[in-house]
Amino acid sequence: METSASSIGTTRPWHMWPPACLPCTPRATGSSARRLPDFSPSKVLDFGAGPGSALWAMREVWPLSLERINLVEPSKSMQRAAQSLLQDLKGLPIIHSYDSIQALNRNLDKHDRRHDIVISSYALGEIPSLTDRITIVRQLWDLTRDVLVLVEPGTPHGSKIITQMRSYILWMAKRKCRKNGESSNVASSDEKSIVQSEGLLKNGAFVVAPCPHDGRCPLENTSKYCHFVQRLERTSSQRAYKRSKGEPLRGFEDEKFCFVALRRGKRPQEAWPLDGMEFETLKERLAKRNPEDLIIDFEDQFATEDDAESPFEDALVPYASDVAETNMFHENENEEEEQTHADLGSGWGRIVYTPVRRGRQIQMDICRSTKRDGSEGAFDRMVVTQAKNPTLHLQARRSLWGDLWPF
Ligand SMILES: C[S@@+](CC[C@H](N)C(=O)[O-])C[C@H]1O[C@@H](n2cnc3c(N)ncnc32)[C@H](O)[C@@H]1O
């Protein structure tokens with residue numbers, strides 16, 4: 001690993017932030033990757049790299065495509081931690097480490113500075129002022145050829161940072177488009193091929209995940225904040241270290257995180273997933289059944305234990321989030337999951353918080369686009385009932401906090 005000479009000074013030692021944040025970066029990156037099936041980054045920048053967490057996330061999400069990773073990390077102890085964790089690993093990409101963005105810019109030619117993906121994970125919160133954060137995020141966007149991922153703790157403060165940085169990049173990209181006299185909402189194929197062949201940056205920016213729109217965050221200035229949860233298994237040493245009041249700790253913890261993944265270019269204009277679809281009511285469906293099929297289905301007739309109301313955040317289930325987006329509308333619960341991908345159009349809402357079952361209805365809080373071009377969004381409570389729409393009801397039953405929901 002190469003390291004540039006000067007250090008800006010050390011920050012916190014590497015064992016002092018919650019290791020629970022580590023699986024949130026692969027989760028946030030994985031969520032974005034599932035929306036970008038043809039994206040295979042070869043050059044990566046990890047800002048505030050710490051012990052190189054993003055590198056581990058990248059290896060998990062894109063194991064084959066990585067060729068080069070640049071780390072920006074001012075703390076010498078962190079740099080050493082990263083080095084020792086990577087020691088003896090085989091098949092690593094080329095790794096360069098820099099103390100600061102300025103050091104990276106000094107050491108790289110202008111044409112060599114763009115990265116397919118830039119990640120800042122749990123680092124912006126360490127930058128004390130909003131002005132400095134904005135400066136850094138602008139620099140990170142300048143270093144981004146395609147996708148920028150920002151991850152912060154799932155707290156009101158973390159969410160505020162993500163919301164502000166999201167707004168800033170979208171605003172900046174829009175302003176640049178206006179200056180260039182172009183609309184950021186129309187992509188032409190000629191333009192795409194010129195961009196690809198000349199290595200120029202695409203105009204505009206849009207959100208890949210978690211937001212299905214590029215408008216103002218509808219949770220901004222409300223009592224709620226947008227965040228997600230990753231279940232993390234505790235190691236025995238973590239359990240021993242964190243044991244409180246002699247009580248044994250649970251074998252897992254639910255780590256909350258906030259994130260945004262932004263991509264250069266224009267949000268693709270796709271049909272919405274429910275366009276042209278017609279759904280039967282339960283009554284219509286039952287009327288079509290053959291008399292010999294009319295075996296009493298106890299689950300349909302009576303609310304089961306499962307259907308009892310589940311408290312808001314208590315009912316955390318293991319998060320295989322975004323899995324549901326791959327298997328919409330399967331009538332048969334045992335059917336194998338189809339490996340399809342939700343497109344990047346604005347028709348896929350995002351479920352925020354745990355869906356709540358009340359009898360045979362399911363309530364979900366969904367952030368969704370209210371315009372086809374994805375320019376505005378809203379946070380709506382949606383109630384899906386088995387009587388009105390058994391197909392969507394089945395899908396809602398399988399859905400988890402963080403999954404996509406079709407409109
Ligand atoms: C909480 S750690 C996160 C480490 C890693 N990204 C992760 O997710 O595990 C924050 C890191 O940001 C680094 N950092 C703080 N200020 C920085 C700055 N101005 N430029 C670059 N990195 C910075 C710290 O040294 C620290 O390693």
# chains A, B, ... in the order shown; residues from 1 in each chain; ligands from 1

$ residues_near_ligand --ligand "ligand 1" --cutoff "6 Å" --atoms "only C-alpha atoms and all ligand atoms" --output "PDB file with all heavy atoms, in the first residue's frame"
ATOM      1  N   THR A  11      -7.184  11.250  14.090  1.00  0.00           N
ATOM      2  CA  THR A  11      -8.497  11.471  14.697  1.00  0.00           C
ATOM      3  C   THR A  11      -8.688  10.362  15.724  1.00  0.00           C
ATOM      4  O   THR A  11      -7.800  10.110  16.520  1.00  0.00           O
ATOM      5  CB  THR A  11      -9.607  11.491  13.633  1.00  0.00           C
ATOM      6  OG1 THR A  11      -9.468  10.341  12.838  1.00  0.00           O
ATOM      7  CG2 THR A  11      -9.509  12.739  12.792  1.00  0.00           C
ATOM      8  N   TRP A  17     -14.923   3.618  17.192  1.00  0.00           N
ATOM      9  CA  TRP A  17     -16.279   3.856  16.719  1.00  0.00           C
ATOM     10  C   TRP A  17     -16.994   2.527  16.666  1.00  0.00           C
ATOM     11  O   TRP A  17     -16.353   1.482  16.672  1.00  0.00           O
ATOM     12  CB  TRP A  17     -16.302   4.571  15.368  1.00  0.00           C
ATOM     13  CG  TRP A  17     -16.054   3.711  14.203  1.00  0.00           C
ATOM     14  CD1 TRP A  17     -16.951   2.909  13.559  1.00  0.00           C
ATOM     15  CD2 TRP A  17     -14.820   3.543  13.521  1.00  0.00           C
ATOM     16  NE1 TRP A  17     -16.346   2.269  12.538  1.00  0.00           N
ATOM     17  CE2 TRP A  17     -15.042   2.636  12.490  1.00  0.00           C
ATOM     18  CE3 TRP A  17     -13.553   4.092  13.695  1.00  0.00           C
ATOM     19  CZ2 TRP A  17     -14.039   2.266  11.625  1.00  0.00           C
ATOM     20  CZ3 TRP A  17     -12.573   3.705  12.829  1.00  0.00           C
ATOM     21  CH2 TRP A  17     -12.817   2.805  11.819  1.00  0.00           C
ATOM     22  N   LEU A  22     -19.953  -1.361  10.341  1.00  0.00           N
ATOM     23  CA  LEU A  22     -19.294  -1.998   9.206  1.00  0.00           C
ATOM     24  C   LEU A  22     -20.246  -2.672   8.213  1.00  0.00           C
ATOM     25  O   LEU A  22     -20.105  -2.480   7.021  1.00  0.00           O
ATOM     26  CB  LEU A  22     -18.226  -2.991   9.695  1.00  0.00           C
ATOM     27  CG  LEU A  22     -17.067  -2.331  10.460  1.00  0.00           C
ATOM     28  CD1 LEU A  22     -16.035  -3.361  10.848  1.00  0.00           C
ATOM     29  CD2 LEU A  22     -16.421  -1.229   9.647  1.00  0.00           C
ATOM     30  N   PHE A  47     -13.454   7.675   0.901  1.00  0.00           N
ATOM     31  CA  PHE A  47     -13.101   8.868   1.677  1.00  0.00           C
ATOM     32  C   PHE A  47     -13.338   8.603   3.165  1.00  0.00           C
ATOM     33  O   PHE A  47     -14.406   8.105   3.536  1.00  0.00           O
ATOM     34  CB  PHE A  47     -13.947  10.059   1.214  1.00  0.00           C
ATOM     35  CG  PHE A  47     -13.766  11.263   2.094  1.00  0.00           C
ATOM     36  CD1 PHE A  47     -12.654  12.091   1.941  1.00  0.00           C
ATOM     37  CD2 PHE A  47     -14.680  11.555   3.095  1.00  0.00           C
ATOM     38  CE1 PHE A  47     -12.470  13.189   2.777  1.00  0.00           C
ATOM     39  CE2 PHE A  47     -14.498  12.651   3.929  1.00  0.00           C
ATOM     40  CZ  PHE A  47     -13.391  13.468   3.763  1.00  0.00           C
ATOM     41  N   GLY A  48     -12.364   8.951   4.011  1.00  0.00           N
ATOM     42  CA  GLY A  48     -12.486   8.670   5.456  1.00  0.00           C
ATOM     43  C   GLY A  48     -12.513   7.169   5.646  1.00  0.00           C
ATOM     44  O   GLY A  48     -13.369   6.607   6.319  1.00  0.00           O
ATOM     45  N   ALA A  49     -11.502   6.520   5.021  1.00  0.00           N
ATOM     46  CA  ALA A  49     -11.539   5.063   4.851  1.00  0.00           C
ATOM     47  C   ALA A  49     -11.436   4.273   6.146  1.00  0.00           C
ATOM     48  O   ALA A  49     -11.843   3.117   6.208  1.00  0.00           O
ATOM     49  CB  ALA A  49     -10.418   4.642   3.903  1.00  0.00           C
ATOM     50  N   GLY A  50     -10.878   4.906   7.205  1.00  0.00           N
ATOM     51  CA  GLY A  50     -10.683   4.145   8.444  1.00  0.00           C
ATOM     52  C   GLY A  50      -9.845   2.915   8.147  1.00  0.00           C
ATOM     53  O   GLY A  50      -8.846   2.977   7.428  1.00  0.00           O
ATOM     54  N   SER A  53     -12.931  -0.116   5.431  1.00  0.00           N
ATOM     55  CA  SER A  53     -14.216  -0.840   5.453  1.00  0.00           C
ATOM     56  C   SER A  53     -14.865  -0.934   4.071  1.00  0.00           C
ATOM     57  O   SER A  53     -15.433  -1.970   3.717  1.00  0.00           O
ATOM     58  CB  SER A  53     -15.193  -0.147   6.397  1.00  0.00           C
ATOM     59  OG  SER A  53     -14.532   0.404   7.486  1.00  0.00           O
ATOM     60  N   VAL A  72      -8.676   7.676   1.175  1.00  0.00           N
ATOM     61  CA  VAL A  72      -8.291   8.965   1.771  1.00  0.00           C
ATOM     62  C   VAL A  72      -8.514   8.840   3.266  1.00  0.00           C
ATOM     63  O   VAL A  72      -9.651   8.634   3.722  1.00  0.00           O
ATOM     64  CB  VAL A  72      -9.123  10.129   1.184  1.00  0.00           C
ATOM     65  CG1 VAL A  72      -8.849  11.420   1.959  1.00  0.00           C
ATOM     66  CG2 VAL A  72      -8.822  10.323  -0.290  1.00  0.00           C
ATOM     67  N   GLU A  73      -7.436   8.892   4.016  1.00  0.00           N
ATOM     68  CA  GLU A  73      -7.531   8.683   5.461  1.00  0.00           C
ATOM     69  C   GLU A  73      -6.386   9.423   6.142  1.00  0.00           C
ATOM     70  O   GLU A  73      -5.221   9.087   5.942  1.00  0.00           O
ATOM     71  CB  GLU A  73      -7.483   7.176   5.761  1.00  0.00           C
ATOM     72  CG  GLU A  73      -7.430   6.823   7.234  1.00  0.00           C
ATOM     73  CD  GLU A  73      -8.527   7.496   8.061  1.00  0.00           C
ATOM     74  OE1 GLU A  73      -9.707   7.292   7.769  1.00  0.00           O
ATOM     75  OE2 GLU A  73      -8.183   8.250   9.000  1.00  0.00           O
ATOM     76  N   PRO A  74      -6.706  10.464   6.959  1.00  0.00           N
ATOM     77  CA  PRO A  74      -5.629  11.239   7.587  1.00  0.00           C
ATOM     78  C   PRO A  74      -4.951  10.538   8.759  1.00  0.00           C
ATOM     79  O   PRO A  74      -3.811  10.833   9.080  1.00  0.00           O
ATOM     80  CB  PRO A  74      -6.345  12.504   8.074  1.00  0.00           C
ATOM     81  CG  PRO A  74      -7.779  12.123   8.209  1.00  0.00           C
ATOM     82  CD  PRO A  74      -8.038  11.022   7.225  1.00  0.00           C
ATOM     83  N   SER A  75      -5.630   9.610   9.390  1.00  0.00           N
ATOM     84  CA  SER A  75      -5.079   9.035  10.615  1.00  0.00           C
ATOM     85  C   SER A  75      -4.079   7.920  10.294  1.00  0.00           C
ATOM     86  O   SER A  75      -4.411   6.943   9.626  1.00  0.00           O
ATOM     87  CB  SER A  75      -6.231   8.499  11.480  1.00  0.00           C
ATOM     88  OG  SER A  75      -5.771   7.491  12.327  1.00  0.00           O
ATOM     89  N   MET A  78      -5.165   4.562  11.637  1.00  0.00           N
ATOM     90  CA  MET A  78      -6.156   3.918  10.760  1.00  0.00           C
ATOM     91  C   MET A  78      -5.472   3.304   9.547  1.00  0.00           C
ATOM     92  O   MET A  78      -5.810   2.210   9.116  1.00  0.00           O
ATOM     93  CB  MET A  78      -7.175   4.953  10.268  1.00  0.00           C
ATOM     94  CG  MET A  78      -8.145   5.375  11.303  1.00  0.00           C
ATOM     95  SD  MET A  78      -9.224   4.015  11.734  1.00  0.00           S
ATOM     96  CE  MET A  78     -10.252   4.801  12.922  1.00  0.00           C
ATOM     97  N   SER A 100      -5.281  13.150   2.362  1.00  0.00           N
ATOM     98  CA  SER A 100      -6.368  14.114   2.145  1.00  0.00           C
ATOM     99  C   SER A 100      -6.733  14.111   0.658  1.00  0.00           C
ATOM    100  O   SER A 100      -5.993  13.572  -0.175  1.00  0.00           O
ATOM    101  CB  SER A 100      -5.902  15.519   2.532  1.00  0.00           C
ATOM    102  OG  SER A 100      -4.810  15.883   1.693  1.00  0.00           O
ATOM    103  N   SER A 121     -18.179   6.690   4.109  1.00  0.00           N
ATOM    104  CA  SER A 121     -18.990   5.924   5.050  1.00  0.00           C
ATOM    105  C   SER A 121     -18.638   6.335   6.473  1.00  0.00           C
ATOM    106  O   SER A 121     -17.492   6.191   6.904  1.00  0.00           O
ATOM    107  CB  SER A 121     -18.703   4.439   4.785  1.00  0.00           C
ATOM    108  OG  SER A 121     -18.922   3.679   5.912  1.00  0.00           O
ATOM    109  N   TYR A 122     -19.591   6.897   7.163  1.00  0.00           N
ATOM    110  CA  TYR A 122     -19.431   7.328   8.554  1.00  0.00           C
ATOM    111  C   TYR A 122     -18.280   8.334   8.699  1.00  0.00           C
ATOM    112  O   TYR A 122     -17.610   8.354   9.713  1.00  0.00           O
ATOM    113  CB  TYR A 122     -19.190   6.129   9.474  1.00  0.00           C
ATOM    114  CG  TYR A 122     -20.414   5.247   9.660  1.00  0.00           C
ATOM    115  CD1 TYR A 122     -20.854   4.406   8.657  1.00  0.00           C
ATOM    116  CD2 TYR A 122     -21.132   5.283  10.853  1.00  0.00           C
ATOM    117  CE1 TYR A 122     -21.985   3.612   8.812  1.00  0.00           C
ATOM    118  CE2 TYR A 122     -22.255   4.493  11.028  1.00  0.00           C
ATOM    119  CZ  TYR A 122     -22.676   3.656  10.000  1.00  0.00           C
ATOM    120  OH  TYR A 122     -23.779   2.882  10.177  1.00  0.00           O
ATOM    121  N   ALA A 123     -18.053   9.138   7.679  1.00  0.00           N
ATOM    122  CA  ALA A 123     -16.935  10.088   7.748  1.00  0.00           C
ATOM    123  C   ALA A 123     -17.417  11.538   7.770  1.00  0.00           C
ATOM    124  O   ALA A 123     -16.800  12.374   8.436  1.00  0.00           O
ATOM    125  CB  ALA A 123     -15.998   9.861   6.566  1.00  0.00           C
ATOM    126  N   GLU A 126     -17.806  13.418  10.945  1.00  0.00           N
ATOM    127  CA  GLU A 126     -16.592  13.850  11.668  1.00  0.00           C
ATOM    128  C   GLU A 126     -16.110  15.218  11.198  1.00  0.00           C
ATOM    129  O   GLU A 126     -15.155  15.765  11.737  1.00  0.00           O
ATOM    130  CB  GLU A 126     -15.479  12.820  11.472  1.00  0.00           C
ATOM    131  CG  GLU A 126     -15.887  11.454  11.953  1.00  0.00           C
ATOM    132  CD  GLU A 126     -14.791  10.727  12.709  1.00  0.00           C
ATOM    133  OE1 GLU A 126     -13.627  11.126  12.595  1.00  0.00           O
ATOM    134  OE2 GLU A 126     -15.139   9.752  13.399  1.00  0.00           O
ATOM    135  N   ILE A 127     -16.752  15.723  10.144  1.00  0.00           N
ATOM    136  CA  ILE A 127     -16.386  17.063   9.654  1.00  0.00           C
ATOM    137  C   ILE A 127     -17.291  18.048  10.396  1.00  0.00           C
ATOM    138  O   ILE A 127     -18.514  17.992  10.251  1.00  0.00           O
ATOM    139  CB  ILE A 127     -16.632  17.189   8.120  1.00  0.00           C
ATOM    140  CG1 ILE A 127     -16.068  15.982   7.367  1.00  0.00           C
ATOM    141  CG2 ILE A 127     -16.141  18.520   7.575  1.00  0.00           C
ATOM    142  CD1 ILE A 127     -14.594  15.818   7.407  1.00  0.00           C
TER     143      ILE A 127
END

$ residues_around --residues "A:His111" --least-positions-apart "2" --cutoff "12 Å" --atoms "only C-alpha atoms" --output "number ranges by chain"
A: 105, 107-109, 113-115, 142-145, 198-201

$ closest_residue --among "A:Cys258, A:Ile101, A:Leu232, A:Leu170" --to "A:Gly158" --atoms "only C-alpha atoms"
A:Cys258

$ select_by_dssp --residues "stretch 3-118 of chain A" --states "alpha helix (DSSP H)" --output "VMD selection string"
chain A and resid 24 to 35 53 to 61 76 to 86 101 to 107

$ write_last_selection --atoms "C-alpha atoms" --output "PDB file, in the first residue's frame"
ATOM      1  CA  CYS A  24     -24.130  -1.002   6.819  1.00  0.00           C
ATOM      2  CA  THR A  25     -21.730   0.016   4.069  1.00  0.00           C
ATOM      3  CA  PRO A  26     -22.138  -3.282   2.135  1.00  0.00           C
ATOM      4  CA  ARG A  27     -25.883  -3.034   2.767  1.00  0.00           C
ATOM      5  CA  ALA A  28     -26.075   0.517   1.398  1.00  0.00           C
ATOM      6  CA  THR A  29     -23.782  -0.360  -1.497  1.00  0.00           C
ATOM      7  CA  GLY A  30     -25.630  -3.606  -2.165  1.00  0.00           C
ATOM      8  CA  SER A  31     -28.957  -1.754  -2.256  1.00  0.00           C
ATOM      9  CA  SER A  32     -27.511   0.529  -4.910  1.00  0.00           C
ATOM     10  CA  ALA A  33     -25.855  -2.314  -6.808  1.00  0.00           C
ATOM     11  CA  ARG A  34     -29.148  -4.177  -7.164  1.00  0.00           C
ATOM     12  CA  ARG A  35     -30.551  -1.164  -9.004  1.00  0.00           C
ATOM     13  CA  SER A  53     -14.216  -0.840   5.453  1.00  0.00           C
ATOM     14  CA  ALA A  54     -15.468   0.161   2.005  1.00  0.00           C
ATOM     15  CA  LEU A  55     -12.877  -2.078   0.399  1.00  0.00           C
ATOM     16  CA  TRP A  56     -14.422  -5.047   2.182  1.00  0.00           C
ATOM     17  CA  ALA A  57     -17.890  -3.927   1.104  1.00  0.00           C
ATOM     18  CA  MET A  58     -16.728  -3.545  -2.487  1.00  0.00           C
ATOM     19  CA  ARG A  59     -15.124  -6.966  -2.544  1.00  0.00           C
ATOM     20  CA  GLU A  60     -18.417  -8.419  -1.339  1.00  0.00           C
ATOM     21  CA  VAL A  61     -20.627  -6.561  -3.805  1.00  0.00           C
ATOM     22  CA  LYS A  76      -1.830   7.097  10.587  1.00  0.00           C
ATOM     23  CA  SER A  77      -3.195   4.559  13.051  1.00  0.00           C
ATOM     24  CA  MET A  78      -6.156   3.918  10.760  1.00  0.00           C
ATOM     25  CA  GLN A  79      -3.841   3.535   7.791  1.00  0.00           C
ATOM     26  CA  ARG A  80      -1.829   0.983   9.780  1.00  0.00           C
ATOM     27  CA  ALA A  81      -5.026  -0.831  10.807  1.00  0.00           C
ATOM     28  CA  ALA A  82      -6.075  -1.025   7.147  1.00  0.00           C
ATOM     29  CA  GLN A  83      -2.647  -2.336   6.184  1.00  0.00           C
ATOM     30  CA  SER A  84      -2.636  -5.034   8.841  1.00  0.00           C
ATOM     31  CA  LEU A  85      -6.172  -6.168   7.962  1.00  0.00           C
ATOM     32  CA  LEU A  86      -5.202  -6.524   4.319  1.00  0.00           C
ATOM     33  CA  ILE A 101      -8.260  14.871  -1.046  1.00  0.00           C
ATOM     34  CA  GLN A 102      -5.658  17.565  -1.770  1.00  0.00           C
ATOM     35  CA  ALA A 103      -2.870  14.971  -1.526  1.00  0.00           C
ATOM     36  CA  LEU A 104      -4.773  12.701  -3.911  1.00  0.00           C
ATOM     37  CA  ASN A 105      -5.298  15.558  -6.384  1.00  0.00           C
ATOM     38  CA  ARG A 106      -1.624  16.488  -6.209  1.00  0.00           C
ATOM     39  CA  ASN A 107      -0.514  12.937  -6.890  1.00  0.00           C
TER      40      ASN A 107
END

$ closest_residue --among "A:Ser223, A:Thr354, A:Ser129, A:Thr163" --to "A:Val260" --atoms "only C-alpha atoms"
A:Thr163

$ atom_distance --atom1 "atom CA of A:Asp46" --atom2 "atom CA of A:Ile69"
7.4 Å

$ atom_distance --atom1 "atom CA of A:Val151" --atom2 "atom CA of A:Leu124"
8.5 Å

$ atom_distance --atom1 "atom CA of A:Arg178" --atom2 "atom CA of A:Pro268"
18.9 Å
